[in-house]
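Raw structure_34.cif, mmCIF, C-alpha atoms:
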data_start
#
loop_
_atom_site.label_atom_id
_atom_site.label_comp_id
_atom_site.auth_asym_id
_atom_site.auth_seq_id
_atom_site.Cartn_x
_atom_site.Cartn_y
_atom_site.Cartn_z
CA MET Q 340 -24.52 51.42 34.30
CA MET Q 341 -21.43 49.40 33.42
CA THR Q 342 -19.28 50.30 30.47
CA ASN Q 343 -16.49 48.38 28.73
CA GLU Q 344 -13.14 50.02 29.37
CA LEU Q 345 -10.02 49.55 27.29
CA LYS Q 346 -7.21 48.51 29.63
CA SER Q 347 -3.48 48.64 29.02
CA LEU Q 348 -0.69 46.60 30.56
CA GLU Q 349 -0.14 49.37 33.10
CA ASP Q 350 -3.56 48.69 34.64
CA PHE Q 351 -2.56 45.15 35.70
CA PRO Q 352 -0.40 44.30 38.75
CA ASP Q 353 3.31 43.80 38.21
CA MET Q 354 4.34 40.18 37.52
CA ASP Q 355 7.79 38.60 37.33
CA PHE Q 356 8.37 36.74 34.05
CA THR Q 357 12.00 35.86 34.73
CA ASN Q 358 13.04 32.44 33.32
CA SER Q 359 9.63 32.10 31.69
CA THR Q 360 9.24 30.53 28.23
CA LEU Q 361 7.02 31.81 25.49
CA ARG Q 362 5.32 28.91 23.66
CA ILE Q 363 3.06 29.11 20.64
CA GLY Q 364 0.59 26.27 20.88
CA GLU Q 365 -1.25 24.43 18.12
CA SER Q 366 -4.66 25.59 17.18
CA VAL Q 367 -7.64 23.32 17.63
CA GLY Q 368 -7.94 22.94 13.87
CA GLU Q 369 -4.32 21.76 13.56
CA LYS Q 370 -4.76 19.19 16.32
CA ASN Q 371 -7.96 17.88 14.75
CA SER Q 372 -6.20 17.73 11.40
CA LYS Q 373 -3.37 15.61 12.82
CA THR Q 374 -5.84 13.26 14.52
CA SER Q 375 -7.79 12.95 11.29
CA ASN Q 376 -4.61 12.16 9.32
CA VAL Q 377 -3.62 9.38 11.72
CA ASN Q 378 -7.06 7.82 11.65
CA SER Q 379 -7.34 8.03 7.86
CA GLY Q 380 -3.89 6.47 7.49
CA LEU Q 381 -4.85 3.51 9.67
CA ASN Q 382 -8.15 3.01 7.89
CA SER Q 383 -6.69 3.20 4.39
CA GLY Q 384 -4.06 0.54 5.04
CA THR Q 385 -1.00 2.65 4.32
CA TRP Q 386 2.14 3.31 6.30
CA ASN Q 387 1.52 7.07 6.40
CA GLY Q 388 -0.74 6.86 9.44
CA GLN Q 389 1.80 4.83 11.35
CA SER Q 390 4.61 7.20 10.47
CA SER Q 391 2.64 10.25 11.61
CA MET Q 392 1.90 8.57 14.90
CA GLU Q 393 5.48 7.53 15.51
CA SER Q 394 6.93 10.93 14.62
CA ASP Q 395 4.60 12.96 16.86
CA GLY Q 396 6.40 13.40 20.16
CA THR Q 397 3.42 15.01 21.95
CA HIS Q 398 1.55 11.74 22.54
CA THR Q 399 1.01 10.80 26.15
CA ALA Q 400 1.23 7.28 27.51
CA ALA Q 401 -2.55 6.93 27.36
CA ASN Q 402 -2.65 8.02 23.71
CA ASN Q 403 0.16 5.59 22.90
CA ALA Q 404 -1.89 2.75 24.35
CA VAL Q 405 -4.88 3.70 22.21
CA ASN Q 406 -2.71 4.02 19.08
CA ILE Q 407 -1.07 0.66 19.72
CA THR Q 408 -4.50 -0.96 19.89
CA ALA Q 409 -5.46 0.69 16.60
CA LEU Q 410 -2.25 -0.55 14.98
CA GLU Q 411 -2.80 -4.09 16.20
CA LYS Q 412 -6.33 -4.11 14.79
CA SER Q 413 -5.24 -2.70 11.42
CA ARG Q 414 -1.97 -4.61 11.07
CA HIS Q 415 -3.39 -7.32 8.86
CA ASP Q 416 -5.38 -4.81 6.81
CA THR Q 417 -2.21 -2.90 5.96
CA ALA Q 418 -0.76 -3.18 2.48
CA LEU Q 419 2.00 -5.80 2.39
CA VAL Q 420 4.83 -4.08 0.54
CA PRO Q 421 8.32 -5.59 0.82
CA TRP Q 422 10.17 -2.29 0.39
CA TRP Q 423 8.52 -0.35 3.23
CA GLY Q 424 11.71 0.07 5.27
CA ASP Q 425 13.80 1.19 2.30
CA ASN Q 426 15.01 4.69 1.60
CA VAL Q 427 13.05 6.43 -1.14
CA GLU Q 428 16.32 7.87 -2.46
CA ASP Q 429 17.45 4.34 -3.38
CA PHE Q 430 14.93 4.21 -6.23
CA PHE Q 431 16.39 5.61 -9.43
CA THR Q 432 12.90 6.63 -10.49
CA ASN Q 433 12.89 9.09 -7.58
CA ARG Q 434 15.29 11.35 -9.55
CA LYS Q 435 13.59 14.54 -10.64
CA GLY Q 436 12.56 14.53 -14.30
CA LEU Q 437 13.81 11.00 -14.94
CA ILE Q 438 10.41 9.39 -15.47
CA GLU Q 439 9.20 12.20 -17.71
CA SER Q 440 12.34 11.87 -19.85
CA ALA Q 441 11.88 8.09 -20.11
CA ILE Q 442 8.26 8.51 -21.16
CA GLU Q 443 9.23 10.90 -23.94
CA ASP Q 444 11.88 8.45 -25.18
CA CYS Q 445 9.37 5.62 -25.30
CA LYS Q 446 6.72 7.74 -27.00
CA ASN Q 447 9.12 8.76 -29.77
CA VAL Q 448 10.28 5.18 -30.39
CA LEU Q 449 7.12 3.11 -29.91
CA ILE Q 450 3.98 5.09 -30.68
CA GLY Q 451 3.04 5.35 -34.34
CA SER Q 452 0.14 6.81 -36.24
CA SER Q 453 -1.72 3.48 -36.17
CA ASP Q 454 -1.79 3.54 -32.35
CA GLY Q 455 -4.09 6.54 -32.16
CA ASP Q 456 -3.85 9.40 -29.70
CA PHE Q 457 -1.72 9.29 -26.59
CA VAL Q 458 -3.83 8.93 -23.41
CA GLY Q 459 -1.27 8.73 -20.60
CA ALA Q 460 1.73 6.99 -19.08
CA TRP Q 461 2.35 5.40 -15.68
CA LEU Q 462 5.16 3.74 -13.76
CA LEU Q 463 3.61 0.63 -12.22
CA THR Q 464 4.51 -2.75 -10.77
CA GLN Q 465 3.85 -5.64 -13.11
CA ILE Q 466 3.21 -9.01 -11.45
CA SER Q 467 4.19 -11.98 -13.58
CA SER Q 468 2.46 -15.35 -13.63
CA TRP Q 469 5.22 -16.48 -11.24
CA ASP Q 470 4.26 -13.72 -8.77
CA THR Q 471 7.45 -11.71 -9.30
CA GLU Q 472 7.21 -7.92 -9.16
CA LYS Q 473 8.84 -5.84 -11.89
CA GLU Q 474 9.09 -2.09 -12.50
CA ARG Q 475 7.44 -1.20 -15.80
CA LEU Q 476 6.46 1.89 -17.75
CA VAL Q 477 2.92 1.60 -19.15
CA LEU Q 478 1.92 3.73 -22.12
CA LEU Q 479 -1.74 3.93 -23.11
CA THR Q 480 -3.11 5.18 -26.41
CA THR Q 481 -6.62 5.09 -27.83
CA ARG Q 482 -5.80 1.85 -29.67
CA SER Q 483 -2.88 0.17 -27.90
CA ILE Q 484 -1.21 -0.44 -24.56
CA PHE Q 485 2.58 -0.74 -24.23
CA THR Q 486 4.35 -2.42 -21.31
CA VAL Q 487 7.96 -1.22 -21.35
CA LYS Q 488 11.05 -2.42 -19.52
CA TYR Q 489 13.18 0.71 -19.28
CA ASP Q 490 16.71 0.88 -17.87
CA PHE Q 491 16.59 3.90 -15.56
CA ILE Q 492 20.35 3.65 -14.97
CA ALA Q 493 21.58 3.50 -18.57
CA LEU Q 494 18.53 5.50 -19.73
CA LYS Q 495 17.52 3.23 -22.58
CA LEU Q 496 14.57 1.09 -23.62
CA LEU Q 497 15.30 -2.62 -23.17
CA GLU Q 498 12.14 -4.39 -24.33
CA HIS Q 499 8.42 -3.87 -24.70
CA VAL Q 500 5.13 -5.70 -25.26
CA LYS Q 501 2.36 -4.15 -27.32
CA VAL Q 502 -1.29 -5.24 -27.10
CA GLU Q 503 -4.09 -3.79 -29.19
CA LEU Q 504 -6.98 -2.67 -27.01
CA GLU Q 505 -9.58 -4.26 -29.27
CA LYS Q 506 -8.09 -7.67 -28.40
CA ILE Q 507 -8.62 -7.18 -24.66
CA ASP Q 508 -11.83 -9.04 -23.79
CA THR Q 509 -11.75 -8.88 -19.97
CA VAL Q 510 -10.54 -6.37 -17.38
CA ILE Q 511 -10.59 -7.53 -13.75
CA ILE Q 512 -10.36 -4.92 -10.99
CA GLY Q 513 -9.94 -5.94 -7.36
CA ARG Q 514 -7.78 -7.07 -4.46
CA LEU Q 515 -4.80 -9.35 -5.13
CA ILE Q 516 -5.27 -12.68 -3.35
CA TYR Q 517 -3.63 -16.12 -3.11
CA PRO Q 518 -5.32 -19.54 -3.25
CA GLN Q 519 -6.61 -20.98 0.01
CA SER Q 520 -3.93 -23.70 -0.01
CA SER Q 521 -1.07 -21.29 -0.75
CA LEU Q 522 1.83 -21.15 1.72
CA VAL Q 523 2.80 -17.61 0.70
CA PRO Q 524 0.61 -15.76 3.27
CA ARG Q 525 1.89 -18.07 6.02
CA ILE Q 526 5.51 -17.47 5.03
CA ASN Q 527 4.90 -13.72 4.91
CA GLY Q 528 3.38 -13.86 8.39
CA PHE Q 529 6.33 -15.84 9.73
CA ILE Q 530 8.82 -13.36 8.27
CA ASP Q 531 6.87 -10.43 9.75
CA GLY Q 532 6.88 -12.17 13.14
CA VAL Q 533 10.62 -12.75 13.07
CA SER Q 534 11.14 -9.15 11.99
CA ALA Q 535 9.01 -7.95 14.92
CA VAL Q 536 11.09 -10.01 17.36
CA VAL Q 537 14.33 -8.55 16.01
CA LYS Q 538 12.99 -5.01 16.17
CA GLY Q 539 11.47 -5.45 19.63
CA CYS Q 540 14.43 -7.19 21.23
CA VAL Q 541 17.35 -5.48 19.50
CA LEU Q 542 16.42 -2.25 17.73
CA GLN Q 543 13.84 -0.92 20.19
CA PRO Q 544 16.10 -1.11 23.31
CA LEU Q 545 18.86 0.56 21.32
CA GLN Q 546 16.46 3.30 20.25
CA GLU Q 547 15.38 3.83 23.87
CA ARG Q 548 18.99 4.31 24.91
CA LEU Q 549 19.77 6.82 22.18
CA THR Q 550 16.59 8.90 22.25
CA SER Q 551 16.03 11.72 24.71
CA SER Q 552 12.35 10.88 25.29
CA PRO Q 553 11.93 7.08 25.42
CA GLN Q 554 8.39 7.42 26.81
CA ASN Q 555 7.21 8.57 23.37
CA ILE Q 556 8.35 5.38 21.61
CA VAL Q 557 5.45 3.20 20.53
CA LYS Q 558 6.00 -0.26 21.98
CA ILE Q 559 4.48 -3.41 20.53
CA ASN Q 560 4.88 -6.85 22.07
CA PRO Q 561 7.31 -8.64 19.70
CA PHE Q 562 6.26 -12.09 20.91
CA GLU Q 563 2.56 -11.62 20.28
CA SER Q 564 1.06 -14.49 18.30
CA ALA Q 565 -0.75 -12.05 15.99
CA ASN Q 566 2.64 -11.02 14.57
CA PHE Q 567 3.01 -14.50 13.05
CA GLU Q 568 -0.47 -14.78 11.54
CA PRO Q 569 -0.73 -15.23 7.73
CA ARG Q 570 -0.43 -11.99 5.76
CA SER Q 571 -2.06 -11.37 2.41
CA ARG Q 572 -1.03 -8.61 0.03
CA ASN Q 573 -3.99 -6.31 0.80
CA ILE Q 574 -3.22 -4.38 -2.38
CA ASN Q 575 -5.52 -3.48 -5.25
CA GLY Q 576 -4.63 -4.38 -8.80
CA VAL Q 577 -5.93 -4.73 -12.34
CA ARG Q 578 -5.64 -7.58 -14.83
CA ALA Q 579 -6.17 -7.14 -18.57
CA MET Q 580 -6.85 -10.38 -20.48
CA TRP Q 581 -6.96 -11.21 -24.19
CA ASN Q 582 -7.46 -15.00 -24.09
CA ASN Q 583 -11.06 -14.94 -25.40
CA GLY Q 584 -12.27 -16.43 -22.14
CA GLN Q 585 -10.34 -19.64 -22.69
CA PRO Q 586 -8.33 -20.98 -19.71
CA LEU Q 587 -4.72 -21.99 -20.21
CA SER Q 588 -3.71 -25.60 -19.88
CA ALA Q 589 -1.52 -26.56 -16.91
CA VAL Q 590 1.42 -27.19 -19.26
CA LYS Q 591 1.28 -23.70 -20.75
CA LYS Q 592 0.53 -22.02 -17.43
CA TRP Q 593 3.64 -23.37 -15.71
CA ASN Q 594 5.92 -23.13 -18.72
CA PRO Q 595 8.23 -20.12 -18.15
CA PHE Q 596 8.65 -19.68 -21.92
CA THR Q 597 4.91 -19.43 -22.63
CA LYS Q 598 3.51 -15.97 -23.39
CA ILE Q 599 0.63 -15.60 -20.95
CA PRO Q 600 -2.37 -13.83 -22.61
CA TRP Q 601 -2.93 -11.43 -19.71
CA THR Q 602 -1.02 -8.94 -17.63
CA THR Q 603 -1.43 -7.86 -14.00
CA PHE Q 604 -0.50 -4.49 -12.52
CA THR Q 605 -0.47 -2.92 -9.09
CA SER Q 606 0.80 0.41 -7.79
CA HIS Q 607 4.51 1.25 -7.80
CA PRO Q 608 6.23 1.35 -4.37
CA LEU Q 609 6.68 5.12 -4.60
CA SER Q 610 2.89 5.46 -4.55
CA TYR Q 611 2.85 4.31 -0.92
CA HIS Q 612 6.04 5.87 0.38
CA LYS Q 613 5.45 8.20 3.33
CA MET Q 614 8.00 10.77 2.13
CA TRP Q 615 6.60 11.23 -1.38
CA PRO Q 616 4.89 14.63 -1.90
CA THR Q 617 1.13 14.59 -2.35
CA ALA Q 618 0.66 18.00 -3.98
CA ASP Q 619 -0.42 18.39 -7.62
CA ASN Q 620 -1.45 14.71 -7.94
CA ALA Q 621 2.19 13.62 -7.78
CA ARG Q 622 1.23 10.03 -6.97
CA ASP Q 623 -1.09 9.53 -9.94
CA ILE Q 624 1.74 8.36 -12.18
CA PHE Q 625 2.44 5.52 -9.69
CA SER Q 626 -1.21 4.68 -8.93
CA VAL Q 627 -2.86 1.59 -10.37
CA ASP Q 628 -6.27 3.09 -9.56
CA ASN Q 629 -5.59 6.10 -11.75
CA PHE Q 630 -4.35 3.82 -14.55
CA THR Q 631 -7.37 1.53 -14.22
CA GLU Q 632 -9.77 4.44 -14.57
CA LYS Q 633 -8.16 5.59 -17.82
CA LEU Q 634 -7.87 2.03 -19.15
CA VAL Q 635 -11.57 1.30 -18.63
CA GLU Q 636 -12.59 4.58 -20.23
CA THR Q 637 -10.39 3.95 -23.26
CA VAL Q 638 -11.43 0.32 -23.73
CA GLU Q 639 -15.12 1.11 -23.48
CA ALA Q 640 -14.74 3.94 -26.01
CA ILE Q 641 -13.72 1.49 -28.75
CA THR Q 642 -16.78 0.83 -30.91
CA LEU Q 643 -15.44 -1.35 -33.74
CA ARG Q 644 -14.32 -4.55 -32.03
CA PRO Q 645 -15.15 -8.23 -32.56
CA ASN Q 646 -16.37 -8.82 -28.98
CA PRO Q 647 -17.34 -6.48 -26.13
CA CYS Q 648 -14.94 -6.10 -23.22
CA ASN Q 649 -16.18 -7.38 -19.86
CA ILE Q 650 -15.35 -5.21 -16.86
CA GLU Q 651 -15.36 -7.40 -13.75
CA ARG Q 652 -14.87 -6.22 -10.17
CA GLU Q 653 -13.63 -9.18 -8.17
CA SER Q 654 -10.49 -10.51 -6.52
CA ILE Q 655 -7.49 -11.22 -8.73
CA LEU Q 656 -6.05 -14.67 -8.07
CA LEU Q 657 -2.27 -15.05 -7.99
CA GLU Q 658 -1.58 -18.76 -8.42
CA ASN Q 659 1.46 -18.96 -6.20
CA TYR Q 660 1.43 -21.91 -3.79
CA ILE Q 661 4.96 -22.11 -2.35
CA GLY Q 662 6.63 -19.04 -3.77
CA LEU Q 663 10.14 -19.24 -2.33
CA GLY Q 664 11.65 -17.87 -5.53
CA SER Q 665 9.19 -14.98 -5.79
CA LEU Q 666 9.52 -14.33 -2.06
CA ILE Q 667 13.28 -13.81 -2.33
CA HIS Q 668 12.84 -11.78 -5.52
CA ASN Q 669 10.15 -9.48 -4.10
CA LYS Q 670 11.57 -9.01 -0.60
CA ASN Q 671 14.81 -7.76 -2.14
CA ALA Q 672 12.99 -5.69 -4.79
CA LEU Q 673 15.11 -7.24 -7.54
CA GLY Q 674 12.64 -6.11 -10.19
CA PHE Q 675 13.31 -2.42 -9.47
CA PHE Q 676 16.25 -0.23 -10.42
CA LYS Q 677 17.81 0.74 -7.09
CA VAL Q 678 21.04 1.72 -5.41
CA ARG Q 679 22.21 -1.38 -3.54
CA GLY Q 680 25.23 -0.41 -1.48
CA LYS Q 681 28.18 0.04 -3.83
CA PHE Q 682 26.20 -1.40 -6.74
CA SER Q 683 23.20 -0.23 -8.72
CA PHE Q 684 20.91 -2.55 -10.67
#
Take the structure in the file and write it out as structure tokens.
Amino acid sequence: MMTNELKSLEDFPDMDFTNSTLRIGESVGEKNSKTSNVNSGLNSGTWNGQSSMESDGTHTAANNAVNITALEKSRHDTALVPWWGDNVEDFFTNRKGLIESAIEDCKNVLIGSSDGDFVGAWLLTQISSWDTEKERLVLLTTRSIFTVKYDFIALKLLEHVKVELEKIDTVIIGRLIYPQSSLVPRINGFIDGVSAVVKGCVLQPLQERLTSSPQNIVKINPFESANFEPRSRNINGVRAMWNNGQPLSAVKKWNPFTKIPWTTFTSHPLSYHKMWPTADNARDIFSVDNFTEKLVETVEAITLRPNPCNIERESILLENYIGLGSLIHNKNALGFFKVRGKFSF
């Protein structure tokens, strides 16, 4: 009859461990977690999946080939954000406590008793009728919505627009798109292609020379035709309208001095940034989805209003056909308060 015996190290033969290295490996759960994070990042259209893949030095050549294929397939489903290569520290709104302080300033100055109870505040990107992106604080109460231009450098309120919620007759929720005849996606694709050529022919060889493990660098063919294909925004947004369903005439629509009876928002750049912490819902204040949820709830809760508010889930059309001015404005993030070399504006 066999019995289980408790053995000590003395029961085993002597072994020489000279020059050996003790290594603590990853558990199976950790490896599965990393794989899941990469896949979810690619599927969701954010840069987080790509960053995790690039920063993991344990990938083999075979894994790199698979990941490159996944990136190529998801490249045109990825959110087109002009700031993606910027440093998060360049945004003034990245300073700890700055946004909260600005919100309190705006609440004390703008919100009165006639505006009802305070619902929430967000830092979002407002897209003008000329397709220019601007950093805006959005304050929501049970009766009003405030869109605030706040100087995060001088710490003062510059201007604001107030709209009563009962006047909002339509809320459109969906993906931001351009007209079929617009040149903007084609120009974006051309710029991305040129950027890929510069990175592949200049930056990548330099990186291979400086790094100690060049085999772990993810290589993408810079001259691939897919790099130059048209690129849409691939970003969700929301548009609140108070024009009573009446379209604007062409004269008013293209007049820069006309007050357009709607406003369009999308998420702030810090919502997508790979280095921003995710704990405690830190991204909610930058998320257009979180804002949209609260806006719809608040608008639908209003009972005494002249007309019901229509909630539509469809694409939001940005009528930008050539867009050279907005392209320069957005690519340089001129609508955001940032550190720009020796200057800040």
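Distance-wise, atom CA of Q:Leu462 and atom CA of Q:Asn629 end up 11.2 Å apart.
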Neighbour list for Q:Ile438 as number ranges by chain, cut-off 10 Å, only C-alpha atoms, skip fewer than 3 positions in-chain: Q: 431-435, 441-444, 460-462, 476, 489, 491, 494, 624
Resulting file, chosen residues, C-alpha atoms, as a compact mmCIF listing (two decimals), keeping the file's coordinate frame:
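Written file, part-v4.txt:
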# COMPACT_ATOMS: atom_id res chain seq x y z
CA PHE Q 431 16.39 5.61 -9.43
CA THR Q 432 12.90 6.63 -10.49
CA ASN Q 433 12.89 9.09 -7.58
CA ARG Q 434 15.29 11.35 -9.55
CA LYS Q 435 13.59 14.54 -10.64
CA ALA Q 441 11.88 8.09 -20.11
CA ILE Q 442 8.26 8.51 -21.16
CA GLU Q 443 9.23 10.90 -23.94
CA ASP Q 444 11.88 8.45 -25.18
CA ALA Q 460 1.73 6.99 -19.08
CA TRP Q 461 2.35 5.40 -15.68
CA LEU Q 462 5.16 3.74 -13.76
CA LEU Q 476 6.46 1.89 -17.75
CA TYR Q 489 13.18 0.71 -19.28
CA PHE Q 491 16.59 3.90 -15.56
CA LEU Q 494 18.53 5.50 -19.73
CA ILE Q 624 1.74 8.36 -12.18
Using the chain letters and numbers from the file, which residues does the PyMOL selection byres ((chain Q and resi 606) around 7) grab, as a PDB file with C-alpha atoms, in the frame of the given file?
ATOM      1  CA  LEU Q 463       3.610   0.630 -12.220  1.00  0.00           C
ATOM      2  CA  THR Q 464       4.510  -2.750 -10.770  1.00  0.00           C
ATOM      3  CA  PHE Q 604      -0.500  -4.490 -12.520  1.00  0.00           C
ATOM      4  CA  THR Q 605      -0.470  -2.920  -9.090  1.00  0.00           C
ATOM      5  CA  HIS Q 607       4.510   1.250  -7.800  1.00  0.00           C
ATOM      6  CA  PRO Q 608       6.230   1.350  -4.370  1.00  0.00           C
ATOM      7  CA  SER Q 610       2.890   5.460  -4.550  1.00  0.00           C
ATOM      8  CA  PHE Q 625       2.440   5.520  -9.690  1.00  0.00           C
ATOM      9  CA  SER Q 626      -1.210   4.680  -8.930  1.00  0.00           C
ATOM     10  CA  VAL Q 627      -2.860   1.590 -10.370  1.00  0.00           C
TER      11      VAL Q 627
END
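Remark: for Q:Val448, the closest of the candidate residues Q:Leu478, Q:Ile466, Q:Ala589, Q:Leu609 is Q:Leu478 (distances computed over all atoms listed in the file).
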Spatial neighbours of stretch 598-602 of chain Q, max dist 12 Å, all atoms listed in the file, sep filter under 6 positions, as a PyMOL selection string: chain Q and resi 463-470+472-473+475+477+484-486+500-502+506-511+576-592+655+657
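Closest approach to Q:Pro569 among Q:Leu666, Q:Val537, Q:Ile512, Q:Ile530 is made by Q:Ile530 (distances from only C-alpha atoms).
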Would you compute the distance between atom CA of Q:Thr631 and atom CA of Q:Gly455? Give it in Å to one decimal.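 Spanning atom CA of Q:Thr631 to atom CA of Q:Gly455 is a straight-line distance of 18.9 Å.
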Padding 8 Å on each side, edges along x, y and z: where is the centre of the box around the listed atoms of stretch 462-471 of chain Q, and how long are its edges in Å to one decimal? Output it as AutoDock Vina command-line options.
--center_x 5.0 --center_y -6.4 --center_z -11.3 --size_x 21.0 --size_y 36.2 --size_z 21.0
Separation of atom CA of Q:Asn575 from atom CA of Q:Ser534, in Å and rounded to one decimal: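 Distance between the two atoms: 24.6 Å.
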Nearest to Q:Glu503 among Q:Ile667, Q:Ile641, Q:Ile661, Q:Leu522, with distances taken over all atoms listed in the file: which residue is it?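 Going through Q:Ile667, Q:Ile641, Q:Ile661, Q:Leu522 one by one, the smallest distance to Q:Glu503 is for Q:Ile641.
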Of the listed residues Q:Cys540, Q:Leu634, Q:Ile526, Q:Ile650, that which approaches Q:Leu479 most closely, counting only C-alpha atoms: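 Among the listed residues, Q:Leu634 lies closest to Q:Leu479.
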